[in-house]
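Engineer: Pasting work_34.cif below, which is mmCIF, C-alpha atoms and all ligand atoms.
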```
data_query
#
loop_
_atom_site.label_atom_id
_atom_site.label_comp_id
_atom_site.auth_asym_id
_atom_site.auth_seq_id
_atom_site.Cartn_x
_atom_site.Cartn_y
_atom_site.Cartn_z
CA MET A 8 121.43 159.67 40.18
CA SER A 9 124.08 158.08 37.95
CA LYS A 10 126.02 155.05 39.09
CA SER A 11 129.31 156.96 38.87
CA LEU A 12 127.94 159.80 41.00
CA ILE A 13 126.74 157.31 43.63
CA LEU A 14 130.18 155.69 43.59
CA ALA A 15 131.87 159.08 43.90
CA LEU A 16 129.61 160.04 46.82
CA SER A 17 130.19 156.75 48.63
CA LEU A 18 133.96 157.15 48.19
CA LEU A 19 133.70 160.68 49.53
CA THR A 20 131.75 159.44 52.57
CA THR A 21 134.37 156.76 53.20
CA THR A 22 137.18 159.29 52.94
CA LEU A 23 135.40 161.65 55.33
CA SER A 24 134.73 158.98 57.93
CA VAL A 25 138.35 157.78 57.77
CA SER A 26 139.69 161.30 58.21
CA SER A 27 137.34 162.09 61.09
CA ALA A 28 138.30 158.81 62.79
CA LEU A 29 141.96 159.80 62.47
CA ALA A 30 141.24 163.25 63.83
CA SER A 31 139.45 161.85 66.87
CA SER A 32 142.05 159.15 67.58
CA GLY A 33 144.73 161.85 67.47
CA SER A 34 143.15 163.67 70.40
CA HIS A 35 142.00 160.55 72.24
CA TRP A 36 144.11 160.75 75.37
CA GLY A 37 143.73 162.33 78.76
CA TYR A 38 145.14 162.75 82.24
CA GLU A 39 143.08 160.09 84.00
CA GLY A 40 142.31 156.36 83.83
CA LYS A 41 142.83 154.24 80.72
CA MET A 42 143.64 157.25 78.55
CA GLY A 43 146.00 158.65 81.18
CA PRO A 44 149.76 159.28 81.08
CA ALA A 45 150.76 155.75 82.19
CA ASN A 46 149.17 154.38 79.01
CA TRP A 47 150.01 157.08 76.44
CA ALA A 48 152.82 155.05 74.84
CA GLN A 49 150.44 152.13 74.21
CA LEU A 50 147.46 154.12 72.92
CA THR A 51 148.74 154.38 69.34
CA PRO A 52 152.03 153.50 67.61
CA GLU A 53 152.63 157.24 67.02
CA ASN A 54 152.94 157.67 70.81
CA GLY A 55 155.95 155.34 71.11
CA ALA A 56 158.21 158.20 72.20
CA CYS A 57 156.15 158.59 75.40
CA ALA A 58 158.16 155.59 76.71
CA GLY A 59 161.48 157.24 75.77
CA LYS A 60 164.48 158.10 77.93
CA ASN A 61 164.43 161.89 77.42
CA GLN A 62 160.90 162.73 78.44
CA SER A 63 159.38 165.84 80.02
CA PRO A 64 158.46 167.01 82.57
CA ILE A 65 161.23 166.39 85.12
CA ASN A 66 162.25 167.44 88.59
CA LEU A 67 165.02 170.00 88.00
CA THR A 68 167.80 169.27 90.44
CA GLY A 69 171.48 168.25 90.51
CA PHE A 70 172.49 171.06 88.19
CA ILE A 71 175.79 171.43 86.38
CA GLU A 72 177.19 174.97 86.57
CA SER A 73 177.45 176.14 82.96
CA ASP A 74 178.17 179.25 80.98
CA LEU A 75 174.64 179.59 79.63
CA LYS A 76 174.25 182.34 77.05
CA ALA A 77 171.36 184.79 77.37
CA ILE A 78 168.29 184.02 75.28
CA ASP A 79 167.72 186.84 72.84
CA PHE A 80 163.95 187.42 73.08
CA SER A 81 162.31 189.36 70.29
CA TYR A 82 158.66 189.20 71.24
CA ARG A 83 155.94 191.65 70.34
CA ALA A 84 152.22 191.66 71.12
CA GLY A 85 150.81 188.88 68.93
CA GLY A 86 148.53 186.55 70.89
CA ASN A 87 145.44 186.85 68.75
CA GLU A 88 143.38 183.72 69.35
CA ILE A 89 142.48 181.76 72.50
CA LEU A 90 141.19 178.20 72.56
CA ASN A 91 140.37 175.32 74.85
CA ASN A 92 141.40 172.02 73.20
CA GLY A 93 140.24 169.90 76.14
CA HIS A 94 143.85 169.42 77.30
CA THR A 95 144.86 173.01 77.93
CA VAL A 96 143.97 176.63 77.26
CA GLN A 97 146.18 178.00 74.51
CA VAL A 98 146.87 181.43 73.04
CA ASN A 99 147.95 181.24 69.40
CA TYR A 100 150.53 183.74 68.32
CA ALA A 101 150.81 185.71 65.06
CA LYS A 102 154.06 185.47 63.08
CA GLY A 103 156.79 187.97 63.98
CA SER A 104 157.87 187.01 67.52
CA SER A 105 160.91 184.86 68.12
CA MET A 106 163.80 184.02 70.39
CA LYS A 107 167.38 183.28 69.44
CA ILE A 108 169.53 180.67 71.13
CA ASP A 109 172.38 178.46 69.81
CA ASN A 110 172.45 180.89 66.85
CA ILE A 111 169.06 179.59 65.77
CA GLN A 112 165.89 181.64 65.46
CA PHE A 113 162.87 179.96 67.03
CA ASN A 114 159.50 181.49 66.19
CA LEU A 115 156.88 181.75 68.92
CA LEU A 116 153.83 179.73 67.88
CA GLN A 117 151.66 179.66 71.01
CA PHE A 118 151.65 179.61 74.76
CA HIS A 119 149.48 177.47 77.03
CA PHE A 120 149.13 176.46 80.66
CA HIS A 121 149.29 173.52 83.04
CA ALA A 122 147.90 173.36 86.60
CA PRO A 123 149.58 172.26 88.74
CA SER A 124 153.03 172.74 87.19
CA GLU A 125 154.50 169.89 85.14
CA ASN A 126 158.19 170.52 85.88
CA HIS A 127 159.29 170.74 89.50
CA ILE A 128 162.23 172.88 90.60
CA MET A 129 164.31 171.23 93.31
CA GLY A 130 161.31 169.15 94.33
CA LYS A 131 158.89 172.06 94.36
CA SER A 132 155.63 172.00 92.42
CA TYR A 133 153.96 175.30 91.47
CA PRO A 134 150.22 175.90 91.09
CA LEU A 135 150.54 176.97 87.43
CA GLU A 136 153.11 176.71 84.62
CA ALA A 137 153.12 178.37 81.20
CA HIS A 138 154.81 176.88 78.13
CA PHE A 139 155.88 179.19 75.31
CA VAL A 140 156.25 176.89 72.30
CA HIS A 141 158.67 177.82 69.50
CA ALA A 142 159.85 176.15 66.29
CA ASP A 143 162.74 176.92 63.98
CA LYS A 144 162.36 176.77 60.21
CA GLU A 145 163.20 173.05 60.21
CA GLY A 146 160.54 172.29 62.80
CA ASN A 147 162.90 171.83 65.78
CA LEU A 148 161.10 172.77 68.96
CA ALA A 149 162.10 174.97 71.90
CA VAL A 150 159.91 175.52 74.96
CA VAL A 151 160.31 178.31 77.49
CA ALA A 152 158.62 177.33 80.76
CA LEU A 153 157.51 179.79 83.41
CA MET A 154 156.30 179.04 86.93
CA PHE A 155 153.54 180.98 88.71
CA GLU A 156 153.33 181.34 92.48
CA GLU A 157 150.05 182.22 94.12
CA GLY A 158 150.11 185.91 94.99
CA LYS A 159 148.98 189.15 93.49
CA GLU A 160 146.89 189.23 90.33
CA ASN A 161 148.88 188.95 87.10
CA SER A 162 147.76 191.82 84.86
CA ALA A 163 149.56 190.32 81.82
CA LEU A 164 147.13 187.38 81.97
CA ALA A 165 144.02 189.50 82.48
CA GLY A 166 143.10 189.82 78.79
CA ALA A 167 143.31 186.07 78.11
CA TRP A 168 141.64 185.21 81.41
CA SER A 169 138.70 187.53 80.64
CA GLN A 170 138.10 185.35 77.58
CA MET A 171 138.84 182.01 79.25
CA PRO A 172 137.16 179.44 76.92
CA ALA A 173 134.94 177.38 79.19
CA HIS A 174 134.47 174.26 77.05
CA ALA A 175 136.65 171.96 74.96
CA GLY A 176 136.43 173.15 71.36
CA ASP A 177 135.75 176.79 72.26
CA LYS A 178 137.91 179.26 70.37
CA SER A 179 137.72 183.02 70.05
CA VAL A 180 139.59 186.01 68.69
CA MET A 181 141.43 187.96 71.40
CA LYS A 182 139.85 191.33 72.07
CA THR A 183 143.20 192.65 73.25
CA THR A 184 146.30 191.15 71.65
CA ALA A 185 148.30 189.28 74.31
CA ASP A 186 151.96 190.22 74.79
CA ALA A 187 154.23 187.36 75.85
CA ASN A 188 156.92 189.93 76.81
CA LYS A 189 154.71 191.15 79.62
CA ILE A 190 154.21 187.65 80.99
CA LEU A 191 157.94 186.80 81.20
CA PRO A 192 159.81 187.66 84.42
CA ALA A 193 162.28 190.56 84.67
CA SER A 194 165.23 188.17 84.93
CA LYS A 195 165.58 185.85 81.96
CA ASP A 196 168.02 183.48 83.70
CA TYR A 197 167.10 179.88 83.04
CA TYR A 198 167.76 176.19 83.61
CA ARG A 199 168.34 174.15 80.49
CA PHE A 200 167.91 170.50 79.51
CA ASN A 201 166.79 168.30 76.64
CA GLY A 202 163.29 166.90 76.82
CA SER A 203 160.11 166.18 74.96
CA LEU A 204 156.58 167.37 74.38
CA THR A 205 154.67 166.68 77.62
CA THR A 206 151.63 165.50 75.67
CA PRO A 207 151.23 162.75 73.05
CA PRO A 208 153.07 162.07 70.76
CA CYS A 209 155.78 163.05 73.37
CA SER A 210 158.32 163.79 70.60
CA GLU A 211 161.88 164.12 71.92
CA GLY A 212 164.63 166.52 70.87
CA VAL A 213 162.89 169.53 72.43
CA ARG A 214 165.13 172.26 73.89
CA TRP A 215 163.75 173.22 77.33
CA PHE A 216 164.44 176.52 79.06
CA VAL A 217 162.84 176.92 82.49
CA MET A 218 162.88 180.45 83.85
CA LYS A 219 164.51 180.61 87.29
CA GLU A 220 162.31 183.50 88.40
CA ALA A 221 158.64 182.71 89.01
CA VAL A 222 155.91 185.30 88.53
CA SER A 223 152.63 185.60 90.38
CA ALA A 224 149.01 184.83 89.63
CA SER A 225 146.13 185.35 92.01
CA LYS A 226 144.26 182.52 93.67
CA GLU A 227 141.23 183.51 91.57
CA GLN A 228 143.24 183.38 88.31
CA ILE A 229 144.64 179.95 89.15
CA HIS A 230 141.22 178.70 90.14
CA ALA A 231 139.62 180.04 86.93
CA PHE A 232 142.02 177.92 84.88
CA GLU A 233 141.55 174.81 87.06
CA LYS A 234 137.81 175.22 86.73
CA VAL A 235 137.74 175.01 82.93
CA MET A 236 140.18 172.04 82.92
CA HIS A 237 138.10 170.13 85.54
CA HIS A 238 141.21 168.16 86.62
CA GLY A 239 144.97 168.52 86.73
CA ASN A 240 146.52 168.75 83.26
CA ASN A 241 150.05 167.90 84.34
CA ARG A 242 151.89 164.84 83.12
CA PRO A 243 153.73 163.22 86.08
CA ILE A 244 157.48 163.73 86.51
CA GLN A 245 159.57 161.56 84.17
CA ALA A 246 162.97 159.97 84.88
CA THR A 247 165.91 162.26 84.14
CA ASN A 248 168.10 159.27 83.15
CA ALA A 249 171.45 160.36 81.67
CA ARG A 250 170.51 163.98 80.95
CA PRO A 251 172.62 166.85 82.24
CA LEU A 252 170.67 169.75 83.79
CA LEU A 253 172.42 173.05 83.21
CA LYS A 254 172.22 176.25 85.22
ZN ZN B 301 152.74 172.35 77.87
#
```
Translate this structure into structure tokens?
Ligand SMILES: [Zn+2]
Structural biologist:
Amino acid sequence: MSKSLILALSLLTTTLSVSSALASSGSHWGYEGKMGPANWAQLTPENGACAGKNQSPINLTGFIESDLKAIDFSYRAGGNEILNNGHTVQVNYAKGSSMKIDNIQFNLLQFHFHAPSENHIMGKSYPLEAHFVHADKEGNLAVVALMFEEGKENSALAGAWSQMPAHAGDKSVMKTTADANKILPASKDYYRFNGSLTTPPCSEGVRWFVMKEAVSASKEQIHAFEKVMHHGNNRPIQATNARPLLK
């Protein structure tokens, strides 16, 4: 083996180990103990926003009556991949579904779940909450949140739930394409506020829209999700600070 080849290979190895270290540090956080929410801001410099003043989730209360415009949903069936990233179960969405608000088109990227709910509505926690994550063409984020009450089985979740990825790192192609339209409630009325990602790096400037109407999921469906997560995957409630909550 030539000296230059050995040098090239050793450089390659160094590069690979650096990039894998970065990849693992990026996901090195959790919901419990030292890696838990109270320490997210200190885990890495990139997580500084986790100590910010406009963080999510919050307890939605003390609303200001506002003339909120309807969200123009333009969703089609497009959930084509399901994965367990160790922090949540997520359904990735194909291009072509969006919502329009503030005259901006936000494309639906994925939806995922938290149990119990992250946001509370007037002090009430729900057993399950879905987040539909959207981005506009400049990368600005908008999240539509939906609460689930325990009740009858939710048929719109059945396809994803039948492929519930049991272990962190599991990912599979959806046998039946999931349709976010069918998961949303009949009424699209919402509460609105500014917030952040609820997971590191907790980036702020996220438009939050929490559906007023909850939908149902069966005890078995809720339990199936809790079982693969092994523990709650809800960040605790953050201070509202100076933010107006609109309804
Ligand atoms: Zn979420």
Engineer: Between A:Val217, A:Met106, A:Val98, A:Ala165, single out the one closest to Ala152 in chain A, counting all atoms listed in the file.
Structural biologist: A:Val217
Engineer: Rounded to one decimal in Å, what is the spacing between CA of Ser179 in chain A and CA of Gly93 in chain A?
Structural biologist: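 Distance between the two atoms: 14.7 Å.
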Engineer: Of the candidates A:Val151, A:Asp177, A:Ile244, A:Ala187, which one gets nearest to Ala84 in chain A if we count all atoms listed in the file?
Structural biologist: A:Ala187
Engineer: Around ligand ZN 301 (chain B), out to 10 Å and counting only C-alpha atoms and all ligand atoms, which residues are there? I want them as a list in words.
Structural biologist: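 Every residue with an atom at most 10 Å from ligand ZN 301 (chain B) is listed here: Ser63, Pro64, His94, Thr95, Val96, Gln97, Phe118, His119, Phe120, His121, Ser124, Glu125, Asn126, Glu136, Ala137, His138, Phe139, Val140, Val150, Val151, Ala152, Leu204, Thr205, Thr206, Asn240, Asn241 and Arg242 of chain A.
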Engineer: For Glu233 in chain A, which residue out of A:Leu67, A:Met171, A:Leu148, A:Ala185 is the nearest one, using all atoms listed in the file?
Structural biologist: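 Answer, going by the shortest atom-to-atom distance: A:Met171.
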Engineer: Can you put N, CA and C atoms back into range 103-127 of chain A and show it as a PDB file, in the coordinates of the input?
Structural biologist:
```pdb
ATOM      1  N   GLY A 103     156.050 186.728  63.728  1.00  0.00           N
ATOM      2  CA  GLY A 103     156.790 187.970  63.980  1.00  0.00           C
ATOM      3  C   GLY A 103     157.412 188.069  65.359  1.00  0.00           C
ATOM      4  N   SER A 104     157.218 187.030  66.211  1.00  0.00           N
ATOM      5  CA  SER A 104     157.870 187.010  67.520  1.00  0.00           C
ATOM      6  C   SER A 104     158.782 185.791  67.573  1.00  0.00           C
ATOM      7  N   SER A 105     159.963 185.975  68.117  1.00  0.00           N
ATOM      8  CA  SER A 105     160.910 184.860  68.120  1.00  0.00           C
ATOM      9  C   SER A 105     161.888 184.992  69.276  1.00  0.00           C
ATOM     10  N   MET A 106     162.664 183.958  69.480  1.00  0.00           N
ATOM     11  CA  MET A 106     163.800 184.020  70.390  1.00  0.00           C
ATOM     12  C   MET A 106     164.980 183.384  69.683  1.00  0.00           C
ATOM     13  N   LYS A 107     166.173 183.830  70.055  1.00  0.00           N
ATOM     14  CA  LYS A 107     167.380 183.280  69.440  1.00  0.00           C
ATOM     15  C   LYS A 107     168.244 182.639  70.509  1.00  0.00           C
ATOM     16  N   ILE A 108     168.631 181.394  70.241  1.00  0.00           N
ATOM     17  CA  ILE A 108     169.530 180.670  71.130  1.00  0.00           C
ATOM     18  C   ILE A 108     170.294 179.676  70.265  1.00  0.00           C
ATOM     19  N   ASP A 109     171.540 179.370  70.613  1.00  0.00           N
ATOM     20  CA  ASP A 109     172.380 178.460  69.810  1.00  0.00           C
ATOM     21  C   ASP A 109     172.507 178.973  68.374  1.00  0.00           C
ATOM     22  N   ASN A 110     172.414 180.290  68.189  1.00  0.00           N
ATOM     23  CA  ASN A 110     172.450 180.890  66.850  1.00  0.00           C
ATOM     24  C   ASN A 110     171.320 180.429  65.945  1.00  0.00           C
ATOM     25  N   ILE A 111     170.223 180.024  66.548  1.00  0.00           N
ATOM     26  CA  ILE A 111     169.060 179.590  65.770  1.00  0.00           C
ATOM     27  C   ILE A 111     167.869 180.459  66.169  1.00  0.00           C
ATOM     28  N   GLN A 112     167.110 180.880  65.174  1.00  0.00           N
ATOM     29  CA  GLN A 112     165.890 181.640  65.460  1.00  0.00           C
ATOM     30  C   GLN A 112     164.720 180.678  65.608  1.00  0.00           C
ATOM     31  N   PHE A 113     164.060 180.759  66.761  1.00  0.00           N
ATOM     32  CA  PHE A 113     162.870 179.960  67.030  1.00  0.00           C
ATOM     33  C   PHE A 113     161.658 180.894  67.085  1.00  0.00           C
ATOM     34  N   ASN A 114     160.691 180.632  66.231  1.00  0.00           N
ATOM     35  CA  ASN A 114     159.500 181.490  66.190  1.00  0.00           C
ATOM     36  C   ASN A 114     158.474 181.051  67.221  1.00  0.00           C
ATOM     37  N   LEU A 115     157.915 182.037  67.906  1.00  0.00           N
ATOM     38  CA  LEU A 115     156.880 181.750  68.920  1.00  0.00           C
ATOM     39  C   LEU A 115     155.576 181.397  68.206  1.00  0.00           C
ATOM     40  N   LEU A 116     155.066 180.199  68.510  1.00  0.00           N
ATOM     41  CA  LEU A 116     153.830 179.730  67.880  1.00  0.00           C
ATOM     42  C   LEU A 116     152.617 179.927  68.786  1.00  0.00           C
ATOM     43  N   GLN A 117     152.789 179.610  70.062  1.00  0.00           N
ATOM     44  CA  GLN A 117     151.660 179.660  71.010  1.00  0.00           C
ATOM     45  C   GLN A 117     152.194 179.555  72.415  1.00  0.00           C
ATOM     46  N   PHE A 118     151.357 179.955  73.374  1.00  0.00           N
ATOM     47  CA  PHE A 118     151.650 179.610  74.760  1.00  0.00           C
ATOM     48  C   PHE A 118     150.401 179.013  75.383  1.00  0.00           C
ATOM     49  N   HIS A 119     150.599 178.158  76.386  1.00  0.00           N
ATOM     50  CA  HIS A 119     149.480 177.470  77.030  1.00  0.00           C
ATOM     51  C   HIS A 119     149.876 177.152  78.475  1.00  0.00           C
ATOM     52  N   PHE A 120     148.956 176.580  79.212  1.00  0.00           N
ATOM     53  CA  PHE A 120     149.130 176.460  80.660  1.00  0.00           C
ATOM     54  C   PHE A 120     148.873 175.046  81.179  1.00  0.00           C
ATOM     55  N   HIS A 121     149.518 174.771  82.324  1.00  0.00           N
ATOM     56  CA  HIS A 121     149.290 173.520  83.040  1.00  0.00           C
ATOM     57  C   HIS A 121     149.084 173.849  84.520  1.00  0.00           C
ATOM     58  N   ALA A 122     148.123 173.203  85.161  1.00  0.00           N
ATOM     59  CA  ALA A 122     147.900 173.360  86.600  1.00  0.00           C
ATOM     60  C   ALA A 122     147.619 172.000  87.219  1.00  0.00           C
ATOM     61  N   PRO A 123     148.390 171.575  88.234  1.00  0.00           N
ATOM     62  CA  PRO A 123     149.580 172.260  88.740  1.00  0.00           C
ATOM     63  C   PRO A 123     150.729 172.180  87.734  1.00  0.00           C
ATOM     64  N   SER A 124     151.902 172.710  88.120  1.00  0.00           N
ATOM     65  CA  SER A 124     153.030 172.740  87.190  1.00  0.00           C
ATOM     66  C   SER A 124     153.418 171.317  86.780  1.00  0.00           C
ATOM     67  N   GLU A 125     153.999 171.194  85.607  1.00  0.00           N
ATOM     68  CA  GLU A 125     154.500 169.890  85.140  1.00  0.00           C
ATOM     69  C   GLU A 125     155.916 169.679  85.656  1.00  0.00           C
ATOM     70  N   ASN A 126     156.836 170.602  85.326  1.00  0.00           N
ATOM     71  CA  ASN A 126     158.190 170.520  85.880  1.00  0.00           C
ATOM     72  C   ASN A 126     158.146 170.897  87.361  1.00  0.00           C
ATOM     73  N   HIS A 127     159.080 170.326  88.115  1.00  0.00           N
ATOM     74  CA  HIS A 127     159.290 170.740  89.500  1.00  0.00           C
ATOM     75  C   HIS A 127     160.693 171.344  89.552  1.00  0.00           C
TER      76      HIS A 127
END
```
